[in-house]
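A.B. asks: For reference, the file data_19.txt (compact mmCIF, C-alpha atoms) is included below:
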```
# COMPACT_ATOMS: atom_id res chain seq x y z
CA MET P 1 65.16 -48.87 22.22
CA SER P 2 66.49 -45.90 20.24
CA GLN P 3 64.75 -42.53 20.50
CA ALA P 4 63.91 -42.70 16.78
CA LEU P 5 62.21 -46.08 17.16
CA ASN P 6 60.35 -44.89 20.24
CA ARG P 7 59.12 -41.82 18.29
CA LEU P 8 57.93 -44.05 15.45
CA ILE P 9 55.98 -46.31 17.79
CA GLN P 10 54.40 -43.21 19.37
CA LEU P 11 53.52 -41.99 15.87
CA LEU P 12 51.64 -45.24 15.25
CA THR P 13 49.74 -44.93 18.55
CA LEU P 14 46.68 -42.91 17.57
CA GLU P 15 44.47 -40.64 19.63
CA HIS P 16 40.99 -42.14 20.02
CA LEU P 17 38.49 -39.35 19.24
CA ASP P 18 35.26 -41.36 18.96
CA ASP P 19 34.09 -44.95 18.45
CA ASN P 20 35.34 -45.09 14.86
CA LEU P 21 37.44 -41.93 14.67
CA PHE P 22 41.18 -41.53 15.34
CA ARG P 23 43.84 -38.87 14.96
CA GLY P 24 47.51 -39.34 14.11
CA GLU P 25 50.34 -36.84 14.13
CA CYS P 26 52.62 -36.39 11.11
CA GLU P 27 56.37 -36.92 10.89
CA ASP P 28 58.36 -34.23 9.10
CA ASP P 29 61.18 -36.19 7.49
CA GLY P 30 62.33 -33.40 5.17
CA LEU P 31 60.18 -34.40 2.19
CA PRO P 32 57.53 -32.07 0.73
CA GLN P 33 54.65 -34.42 1.60
CA VAL P 34 53.72 -37.00 4.23
CA PHE P 35 55.57 -40.30 3.81
CA GLY P 36 53.12 -42.83 2.39
CA GLY P 37 54.29 -45.60 4.70
CA GLN P 38 53.27 -43.50 7.69
CA VAL P 39 49.73 -43.09 6.34
CA VAL P 40 49.37 -46.82 5.63
CA ALA P 41 50.73 -47.83 9.03
CA GLN P 42 48.52 -45.36 10.91
CA ALA P 43 45.46 -46.44 8.91
CA LEU P 44 46.16 -50.06 9.87
CA SER P 45 46.61 -49.01 13.48
CA ALA P 46 43.19 -47.34 13.33
CA SER P 47 41.60 -50.50 11.85
CA MET P 48 43.16 -52.66 14.58
CA ASN P 49 41.45 -50.49 17.19
CA VAL P 50 38.00 -51.52 15.91
CA VAL P 51 38.62 -55.23 15.27
CA ASP P 52 38.71 -57.89 17.98
CA GLU P 53 42.22 -59.03 18.87
CA SER P 54 41.31 -62.65 18.04
CA ARG P 55 41.44 -61.67 14.34
CA HIS P 56 44.73 -60.96 12.63
CA LEU P 57 45.39 -58.65 9.69
CA HIS P 58 46.09 -60.64 6.52
CA SER P 59 45.91 -58.00 3.76
CA CYS P 60 45.48 -54.32 2.98
CA HIS P 61 44.99 -52.35 -0.22
CA CYS P 62 45.66 -48.62 -0.32
CA TYR P 63 45.00 -45.84 -2.84
CA PHE P 64 46.73 -42.50 -2.42
CA LEU P 65 44.48 -39.69 -3.63
CA ARG P 66 46.27 -36.50 -2.52
CA ALA P 67 49.62 -35.48 -1.09
CA GLY P 68 49.56 -35.20 2.70
CA ASP P 69 50.47 -32.05 4.63
CA VAL P 70 53.34 -32.77 7.07
CA HIS P 71 52.32 -29.82 9.26
CA TYR P 72 48.79 -31.06 9.95
CA PRO P 73 47.42 -34.14 11.79
CA ILE P 74 45.54 -36.86 9.91
CA ILE P 75 42.04 -37.98 10.85
CA TYR P 76 41.26 -41.69 10.31
CA GLU P 77 37.60 -42.63 9.82
CA THR P 78 36.95 -46.38 10.14
CA GLU P 79 33.92 -48.41 9.09
CA ILE P 80 33.45 -52.17 9.48
CA LEU P 81 31.99 -53.26 6.13
CA ARG P 82 31.56 -56.92 6.98
CA GLU P 83 32.04 -59.10 10.04
CA GLY P 84 31.57 -62.78 9.29
CA ASN P 85 32.46 -65.98 11.10
CA SER P 86 36.01 -65.91 9.74
CA PHE P 87 36.73 -62.49 8.23
CA THR P 88 36.29 -58.83 9.14
CA VAL P 89 36.75 -56.14 6.48
CA VAL P 90 37.37 -52.52 7.48
CA SER P 91 37.39 -49.37 5.35
CA ILE P 92 39.65 -46.52 6.51
CA ASN P 93 39.63 -42.99 5.12
CA ALA P 94 42.66 -40.87 5.96
CA LYS P 95 41.64 -37.19 5.85
CA GLN P 96 43.27 -33.78 6.08
CA HIS P 97 41.55 -30.42 5.64
CA ASN P 98 38.29 -32.40 5.25
CA GLU P 99 39.58 -34.18 2.13
CA ILE P 100 40.51 -37.84 1.73
CA ILE P 101 44.25 -38.22 1.10
CA CYS P 102 44.29 -42.04 1.21
CA ARG P 103 41.68 -44.81 1.23
CA VAL P 104 42.59 -48.17 2.74
CA MET P 105 40.79 -51.51 2.87
CA ALA P 106 42.03 -53.96 5.51
CA SER P 107 40.93 -57.56 6.01
CA PHE P 108 41.28 -59.58 9.21
CA GLN P 109 40.85 -63.32 9.75
CA VAL P 110 40.54 -65.67 12.71
CA LYS P 111 43.53 -68.03 13.13
CA GLU P 112 43.01 -71.19 11.07
CA LYS P 113 45.03 -74.28 10.17
CA GLY P 114 45.22 -75.27 6.51
CA PHE P 115 47.52 -75.89 3.57
CA GLU P 116 51.14 -74.80 4.02
CA TYR P 117 53.42 -73.81 1.12
CA GLN P 118 55.84 -71.04 0.21
CA VAL P 119 58.42 -70.28 -2.44
CA HIS P 120 62.02 -71.17 -1.64
CA SER P 121 63.95 -68.38 0.00
CA PRO P 122 66.60 -67.27 -2.52
CA VAL P 123 70.27 -67.28 -1.58
CA ALA P 124 71.34 -63.72 -0.73
CA GLU P 125 74.27 -61.73 0.60
CA ARG P 126 74.33 -61.23 4.35
CA PRO P 127 73.65 -57.79 5.90
CA ASP P 128 77.25 -57.16 7.01
CA SER P 129 78.45 -57.45 3.40
CA LEU P 130 76.13 -54.71 2.11
CA VAL P 131 76.09 -50.90 2.12
CA SER P 132 74.68 -49.14 5.19
CA GLU P 133 71.85 -46.94 3.93
CA ASN P 134 71.98 -44.83 7.09
CA ALA P 135 75.67 -44.04 6.53
CA LEU P 136 74.94 -43.26 2.88
CA ILE P 137 72.12 -40.86 3.78
CA SER P 138 74.29 -39.10 6.37
CA SER P 139 77.07 -38.57 3.82
CA LEU P 140 74.65 -37.22 1.22
CA ALA P 141 73.08 -34.88 3.80
CA MET P 142 76.15 -32.65 3.54
CA MET P 143 74.94 -31.66 0.05
CA LEU P 144 71.52 -30.52 1.28
CA PRO P 145 70.36 -27.10 2.49
CA SER P 146 69.09 -26.70 6.05
CA PRO P 147 66.63 -27.73 7.47
CA MET P 148 66.54 -30.72 5.07
CA LYS P 149 70.15 -31.44 6.01
CA GLU P 150 69.18 -31.82 9.67
CA LYS P 151 66.29 -34.15 8.80
CA PHE P 152 68.55 -36.44 6.77
CA GLN P 153 71.22 -36.55 9.50
CA LYS P 154 68.86 -37.48 12.34
CA GLU P 155 68.84 -40.87 14.02
CA ARG P 156 66.71 -43.46 12.19
CA ALA P 157 64.34 -46.11 13.47
CA PHE P 158 65.77 -48.88 11.26
CA ASP P 159 69.24 -50.21 10.51
CA VAL P 160 69.14 -50.76 6.73
CA ARG P 161 71.61 -52.48 4.37
CA LEU P 162 71.38 -52.28 0.56
CA LYS P 163 72.79 -54.32 -2.30
CA TYR P 164 72.54 -51.41 -4.78
CA ALA P 165 73.15 -47.85 -3.60
CA ASN P 166 71.92 -45.15 -5.97
CA ASN P 167 72.73 -41.44 -5.76
CA PRO P 168 69.35 -39.70 -5.29
CA PHE P 169 70.63 -36.54 -7.04
CA LYS P 170 72.30 -38.24 -10.01
CA GLY P 171 71.15 -41.79 -10.51
CA GLU P 172 73.11 -44.49 -12.27
CA LYS P 173 71.74 -47.38 -14.31
CA LEU P 174 71.27 -50.36 -12.00
CA PRO P 175 69.58 -53.79 -12.23
CA SER P 176 65.80 -53.95 -11.95
CA GLU P 177 66.00 -55.52 -8.50
CA GLN P 178 67.03 -54.68 -4.96
CA LEU P 179 68.03 -56.61 -1.84
CA VAL P 180 67.37 -54.87 1.49
CA TRP P 181 68.10 -56.14 4.97
CA ALA P 182 66.48 -54.22 7.82
CA LYS P 183 65.93 -54.43 11.56
CA THR P 184 64.73 -51.95 14.13
CA ASN P 185 67.26 -49.91 16.11
CA GLY P 186 66.20 -51.55 19.34
CA LEU P 187 63.91 -54.33 20.50
CA VAL P 188 60.23 -54.09 19.59
CA PRO P 189 57.60 -55.68 21.88
CA LYS P 190 56.36 -59.12 20.75
CA ASP P 191 53.07 -57.56 19.67
CA ASN P 192 52.15 -58.86 16.23
CA ARG P 193 49.83 -55.95 15.45
CA LEU P 194 52.57 -53.41 16.21
CA GLN P 195 55.04 -55.48 14.19
CA GLN P 196 52.64 -55.48 11.22
CA CYS P 197 52.27 -51.70 11.40
CA LEU P 198 56.06 -51.27 11.46
CA LEU P 199 56.41 -53.65 8.51
CA ALA P 200 53.76 -51.73 6.56
CA TYR P 201 55.60 -48.48 7.30
CA PHE P 202 58.89 -49.89 6.02
CA THR P 203 57.52 -51.43 2.80
CA ASP P 204 57.05 -47.98 1.25
CA PHE P 205 60.72 -47.02 1.47
CA HIS P 206 62.36 -48.76 -1.50
CA CYS P 207 59.61 -49.38 -4.06
CA ILE P 208 59.97 -46.19 -6.13
CA LEU P 209 63.75 -46.23 -5.63
CA THR P 210 63.83 -49.69 -7.24
CA MET P 211 61.49 -48.58 -10.06
CA LEU P 212 63.99 -45.85 -10.99
CA GLN P 213 67.11 -48.06 -11.10
CA PRO P 214 66.78 -49.29 -14.72
CA HIS P 215 66.23 -45.71 -15.92
CA GLU P 216 69.41 -44.10 -14.54
CA ARG P 217 67.47 -41.83 -12.21
CA GLY P 218 67.62 -40.87 -8.54
CA PHE P 219 64.43 -39.93 -6.70
CA LEU P 220 65.63 -36.37 -5.91
CA GLN P 221 66.95 -35.76 -9.42
CA GLN P 222 65.98 -32.47 -11.04
CA GLY P 223 62.91 -32.68 -13.27
CA LEU P 224 61.68 -35.95 -11.77
CA LYS P 225 58.27 -36.24 -10.12
CA VAL P 226 57.52 -39.34 -8.05
CA ALA P 227 54.57 -40.38 -5.89
CA THR P 228 53.00 -43.57 -4.58
CA LEU P 229 49.72 -44.31 -6.36
CA ASP P 230 48.65 -47.56 -4.72
CA HIS P 231 50.15 -50.07 -2.32
CA SER P 232 49.07 -53.57 -1.27
CA ILE P 233 50.46 -55.90 1.40
CA TRP P 234 49.68 -59.54 2.23
CA PHE P 235 50.74 -60.73 5.70
CA HIS P 236 51.46 -64.47 5.62
CA ARG P 237 53.21 -65.24 8.92
CA ASP P 238 54.26 -63.48 12.11
CA VAL P 239 57.28 -61.19 11.82
CA ASP P 240 59.84 -59.88 14.31
CA LEU P 241 61.56 -56.77 12.99
CA SER P 242 63.88 -56.70 16.00
CA ASP P 243 65.96 -59.21 14.02
CA TRP P 244 67.30 -58.95 10.48
CA THR P 245 64.49 -59.20 7.91
CA ARG P 246 65.10 -59.54 4.17
CA PHE P 247 63.19 -57.58 1.51
CA GLN P 248 63.61 -58.92 -2.05
CA LEU P 249 62.32 -56.39 -4.57
CA ASP P 250 62.07 -56.29 -8.33
CA THR P 251 60.44 -53.99 -10.86
CA PRO P 252 58.89 -55.88 -13.80
CA ASN P 253 57.37 -52.96 -15.69
CA ALA P 254 57.36 -49.23 -16.41
CA SER P 255 54.91 -47.58 -18.81
CA GLY P 256 52.70 -44.50 -19.00
CA SER P 257 54.90 -42.66 -16.44
CA ARG P 258 54.11 -45.41 -13.91
CA GLY P 259 56.35 -48.09 -12.48
CA LEU P 260 55.55 -51.31 -10.66
CA ALA P 261 57.54 -52.83 -7.80
CA ARG P 262 57.06 -56.21 -6.14
CA GLY P 263 58.48 -57.31 -2.80
CA GLN P 264 58.81 -60.50 -0.78
CA VAL P 265 59.76 -60.40 2.90
CA PHE P 266 61.69 -63.25 4.56
CA ASP P 267 62.87 -63.74 8.12
CA LEU P 268 66.31 -65.13 9.01
CA ALA P 269 64.97 -68.70 8.93
CA GLY P 270 63.78 -68.21 5.33
CA ASN P 271 60.07 -68.04 6.16
CA LEU P 272 58.03 -65.88 3.78
CA VAL P 273 56.34 -63.48 6.19
CA ALA P 274 54.77 -61.00 3.73
CA SER P 275 54.42 -59.98 0.09
CA TYR P 276 53.69 -56.52 -1.30
CA GLN P 277 53.28 -54.55 -4.52
CA GLN P 278 53.26 -50.87 -5.34
CA GLU P 279 52.51 -48.78 -8.40
CA GLY P 280 54.15 -45.37 -8.44
CA LEU P 281 54.25 -42.26 -10.56
CA ILE P 282 57.75 -41.86 -12.07
CA ARG P 283 57.43 -38.90 -14.41
CA ASP P 284 60.49 -37.31 -16.00
CA GLN P 285 59.22 -33.84 -16.85
CA HIS P 286 62.24 -33.22 -19.07
CA GLN P 287 60.88 -35.86 -21.47
CA ASN P 288 57.47 -34.16 -21.82
```
Can you turn what I pasted into structure tokens?

C.D. replies:
Amino acid sequence: MSQALNRLIQLLTLEHLDDNLFRGECEDDGLPQVFGGQVVAQALSASMNVVDESRHLHSCHCYFLRAGDVHYPIIYETEILREGNSFTVVSINAKQHNEIICRVMASFQVKEKGFEYQVHSPVAERPDSLVSENALISSLAMMLPSPMKEKFQKERAFDVRLKYANNPFKGEKLPSEQLVWAKTNGLVPKDNRLQQCLLAYFTDFHCILTMLQPHERGFLQQGLKVATLDHSIWFHRDVDLSDWTRFQLDTPNASGSRGLARGQVFDLAGNLVASYQQEGLIRDQHQN
């Protein structure tokens, strides 16, 4: 297991403060605020600590209320809202400086047999034919001032391949879709709850980037303000991110300075393991 992956797993392992109270450290990845995927993944980790292991996470819905402070830990307050025969619903408030920065609802279900159906897995290019995002980020890091340069050049927890590579400082017009292959840089334990947290973490990476593609913008372009507003994930089947996993994204709409991205996640066998959607702020302040 790479050091970066080990650090990420440690980041998702929260400190237990009280029965329903947890604390998570923050990762400084060079951005001005806490990465939204970290907050979602840690909130899910907190919820998993208060729900019996016989129930598996099947969905979560997250609203981001404030930007997080990368230099300050996050407190996660959990509350079980309902525990029925089949489902358990948990509310999680992520707080810094005594203010809620993100509110998450997570629902768990006992394992059940029932109807089986999924969309066909679309034909797609293989990972080795696509651009290495890690190599792209390392090359772009040379253009950044320190310490941001050091953050962008550090080892990463995921090996990521992209169909469309966009310059974050000077975006080009690209199709309203993205194909991403990803796997962890090292083997992850066969722990479905940990795998779900890692998947949740990763789903925040390419949503806003895909939203910007039709508009000839890069996410670090001057005058552009971007932020995740809300994020939802549905977990359909078990996932193993130690092997190549395919993320098919598209962006069907932009209006009111907001964009929408949709994602489907397939394993190598073509099984649909998760679906997700995100609405993000994509405000070009030069247009106002």

A.B. asks: Closest to Phe205 of chain P among P:Val265, P:Phe35, P:Leu162, P:Asp29, using all atoms listed in the file?

C.D. replies: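 The closest residue to Phe205 of chain P is P:Phe35.
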
A.B. asks: Taking (75.8, -54.6, 5.6) in the coordinates of the supplied file, I want to know which residues reach to within 9 Å of it, counting only C-alpha atoms; could you give the answer as a count of residues only?

C.D. replies: 14

A.B. asks: May I ask for the distance between atom CA of Ser176 of chain P and atom CA of Ala124 of chain P, given in Å to one decimal place?

C.D. replies: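 Going from atom CA of Ser176 of chain P over to atom CA of Ala124 of chain P, I get 15.9 Å.
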
A.B. asks: Name the residues, using the chain letters and numbers of the file, that sit within 10 Å of (62.2, -45.5, 16.8) when counting all atoms listed in the file, and give them as a list in words.

C.D. replies: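 These residues have at least one counted atom within 10 Å: Met1, Ser2, Gln3, Ala4, Leu5, Asn6, Arg7, Leu8, Ile9, Gln10, Leu11, Glu155, Arg156, Ala157, Phe158, Thr184, Asn185, Gly186, Leu187, Val188 and Leu198 of chain P.
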
A.B. asks: State, in Å with one decimal place, the distance from atom CA of Asn93 of chain P to atom CA of Ile75 of chain P.

C.D. replies: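 Separation between atom CA of Asn93 of chain P and atom CA of Ile75 of chain P: 8.0 Å.
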
A.B. asks: Env of Trp244 of chain P: 8 Å cut, atoms = all atoms listed in the file, seq-sep filter 2 positions within chain, self excluded. Answer as an NGL selection string.

C.D. replies: :P and (127 or 181-183 or 241-242 or 246 or 267-268)

A.B. asks: Determine the nearest neighbour of Leu174 of chain P from the options P:Val273, P:Ala46, P:Met211, P:Leu21, counting all atoms listed in the file.

C.D. replies: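 Under the stated criterion, the closest residue is P:Met211.
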
A.B. asks: Here is a test: counting all atoms listed in the file, which residue of P:Gln178, P:Asn167, P:Asn134, P:Gln248 is nearest to Lys154 of chain P?

C.D. replies: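 The shortest atom-to-atom distance to Lys154 of chain P comes from P:Asn134.
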
A.B. asks: What gap, in Å, lies between atom CA of Phe108 of chain P and atom CA of Gln277 of chain P?

C.D. replies: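 Between atom CA of Phe108 of chain P and atom CA of Gln277 of chain P the gap works out to 18.9 Å.
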
A.B. asks: Smallest atom-to-atom distance to Gln278 of chain P: which of P:Leu179, P:Asn192, P:Ile92, P:Tyr63, using all atoms listed in the file?

C.D. replies: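 Among P:Leu179, P:Asn192, P:Ile92, P:Tyr63, it is P:Tyr63 that comes nearest to Gln278 of chain P.
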
A.B. asks: Between P:Ser257, P:Thr78, P:Ser45, P:Asn271, which is the closest to Pro122 of chain P once you count only C-alpha atoms?

C.D. replies: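 Closest residue, counting only C-alpha atoms: P:Asn271.
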
A.B. asks: Nearest to Lys190 of chain P among P:Phe64, P:Gln213, P:Val239, P:Glu177, with distances taken over all atoms listed in the file: which residue is it?

C.D. replies: P:Val239

A.B. asks: Between segment 169-222 of chain P and segment 231-235 of chain P, at 9 Å or less, what are the per-residue closest atom pairs and their distances in Å? Count all atoms listed in the file, order by chain and rising residue number, and return it as CSV.

C.D. replies:
```
residue,atom,partner,partner_atom,distance
P:Gln196,CA,P:Phe235,CA,7.9
P:Ala200,CA,P:Ile233,CA,7.4
P:Thr203,CA,P:Ile233,CA,8.5
P:Asp204,CA,P:His231,CA,8.0
```

A.B. asks: Could you put an axis-aligned box around every listed atom of segment 170-189 of chain P, padded by 8 Å on each side, and send me its centre and edge lengths in Å to one decimal, as JSON?

C.D. replies:
```
{"center_x": 65.4, "center_y": -47.4, "center_z": 3.8, "size_x": 31.5, "size_y": 34.4, "size_z": 52.2}
```

A.B. asks: Write out as a PyMOL selection string which residues come within 10 Å of Val90 of chain P when counting only C-alpha atoms, dropping same-chain ones fewer than 5 positions away.

C.D. replies: chain P and resi 44+46-48+50-51+60+78-83+104-108

A.B. asks: Please supply segment 52-67 of chain P, rebuilt with N, CA, C and O atoms, as a PDB file, in the frame of the given file.

C.D. replies:
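Generated output (out-v2.pdb):
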```pdb
ATOM      1  N   ASP P  52      38.354 -57.057  16.838  1.00  0.00           N
ATOM      2  CA  ASP P  52      38.710 -57.890  17.980  1.00  0.00           C
ATOM      3  C   ASP P  52      40.107 -58.483  17.813  1.00  0.00           C
ATOM      4  O   ASP P  52      40.507 -58.869  16.711  1.00  0.00           O
ATOM      5  N   GLU P  53      40.841 -58.570  18.918  1.00  0.00           N
ATOM      6  CA  GLU P  53      42.220 -59.030  18.870  1.00  0.00           C
ATOM      7  C   GLU P  53      42.351 -60.494  18.455  1.00  0.00           C
ATOM      8  O   GLU P  53      43.451 -60.952  18.126  1.00  0.00           O
ATOM      9  N   SER P  54      41.262 -61.251  18.465  1.00  0.00           N
ATOM     10  CA  SER P  54      41.310 -62.650  18.040  1.00  0.00           C
ATOM     11  C   SER P  54      41.482 -62.771  16.527  1.00  0.00           C
ATOM     12  O   SER P  54      41.769 -63.856  16.017  1.00  0.00           O
ATOM     13  N   ARG P  55      41.299 -61.660  15.802  1.00  0.00           N
ATOM     14  CA  ARG P  55      41.440 -61.670  14.340  1.00  0.00           C
ATOM     15  C   ARG P  55      42.718 -60.941  13.952  1.00  0.00           C
ATOM     16  O   ARG P  55      43.034 -59.889  14.498  1.00  0.00           O
ATOM     17  N   HIS P  56      43.450 -61.540  13.022  1.00  0.00           N
ATOM     18  CA  HIS P  56      44.730 -60.960  12.630  1.00  0.00           C
ATOM     19  C   HIS P  56      44.633 -60.383  11.217  1.00  0.00           C
ATOM     20  O   HIS P  56      43.924 -60.899  10.350  1.00  0.00           O
ATOM     21  N   LEU P  57      45.363 -59.310  10.995  1.00  0.00           N
ATOM     22  CA  LEU P  57      45.390 -58.650   9.690  1.00  0.00           C
ATOM     23  C   LEU P  57      46.097 -59.553   8.682  1.00  0.00           C
ATOM     24  O   LEU P  57      47.209 -60.016   8.919  1.00  0.00           O
ATOM     25  N   HIS P  58      45.443 -59.809   7.546  1.00  0.00           N
ATOM     26  CA  HIS P  58      46.090 -60.640   6.520  1.00  0.00           C
ATOM     27  C   HIS P  58      46.311 -59.898   5.209  1.00  0.00           C
ATOM     28  O   HIS P  58      47.132 -60.315   4.392  1.00  0.00           O
ATOM     29  N   SER P  59      45.637 -58.756   4.992  1.00  0.00           N
ATOM     30  CA  SER P  59      45.910 -58.000   3.760  1.00  0.00           C
ATOM     31  C   SER P  59      45.395 -56.580   3.889  1.00  0.00           C
ATOM     32  O   SER P  59      44.492 -56.289   4.683  1.00  0.00           O
ATOM     33  N   CYS P  60      45.989 -55.691   3.087  1.00  0.00           N
ATOM     34  CA  CYS P  60      45.480 -54.320   2.980  1.00  0.00           C
ATOM     35  C   CYS P  60      45.761 -53.814   1.566  1.00  0.00           C
ATOM     36  O   CYS P  60      46.731 -54.219   0.912  1.00  0.00           O
ATOM     37  N   HIS P  61      44.878 -52.933   1.116  1.00  0.00           N
ATOM     38  CA  HIS P  61      44.990 -52.350  -0.220  1.00  0.00           C
ATOM     39  C   HIS P  61      44.727 -50.853  -0.091  1.00  0.00           C
ATOM     40  O   HIS P  61      43.703 -50.434   0.449  1.00  0.00           O
ATOM     41  N   CYS P  62      45.671 -50.056  -0.588  1.00  0.00           N
ATOM     42  CA  CYS P  62      45.660 -48.620  -0.320  1.00  0.00           C
ATOM     43  C   CYS P  62      45.736 -47.830  -1.629  1.00  0.00           C
ATOM     44  O   CYS P  62      46.560 -48.152  -2.498  1.00  0.00           O
ATOM     45  N   TYR P  63      44.926 -46.788  -1.730  1.00  0.00           N
ATOM     46  CA  TYR P  63      45.000 -45.840  -2.840  1.00  0.00           C
ATOM     47  C   TYR P  63      45.298 -44.456  -2.291  1.00  0.00           C
ATOM     48  O   TYR P  63      44.586 -43.959  -1.414  1.00  0.00           O
ATOM     49  N   PHE P  64      46.350 -43.856  -2.823  1.00  0.00           N
ATOM     50  CA  PHE P  64      46.730 -42.500  -2.420  1.00  0.00           C
ATOM     51  C   PHE P  64      46.084 -41.507  -3.371  1.00  0.00           C
ATOM     52  O   PHE P  64      46.304 -41.555  -4.583  1.00  0.00           O
ATOM     53  N   LEU P  65      45.285 -40.603  -2.816  1.00  0.00           N
ATOM     54  CA  LEU P  65      44.480 -39.690  -3.630  1.00  0.00           C
ATOM     55  C   LEU P  65      45.055 -38.276  -3.672  1.00  0.00           C
ATOM     56  O   LEU P  65      44.901 -37.572  -4.665  1.00  0.00           O
ATOM     57  N   ARG P  66      45.695 -37.851  -2.596  1.00  0.00           N
ATOM     58  CA  ARG P  66      46.270 -36.500  -2.520  1.00  0.00           C
ATOM     59  C   ARG P  66      47.546 -36.557  -1.690  1.00  0.00           C
ATOM     60  O   ARG P  66      47.705 -37.431  -0.839  1.00  0.00           O
ATOM     61  N   ALA P  67      48.422 -35.593  -1.927  1.00  0.00           N
ATOM     62  CA  ALA P  67      49.620 -35.480  -1.090  1.00  0.00           C
ATOM     63  C   ALA P  67      49.231 -35.013   0.298  1.00  0.00           C
ATOM     64  O   ALA P  67      48.363 -34.152   0.466  1.00  0.00           O
TER      65      ALA P  67
END
```
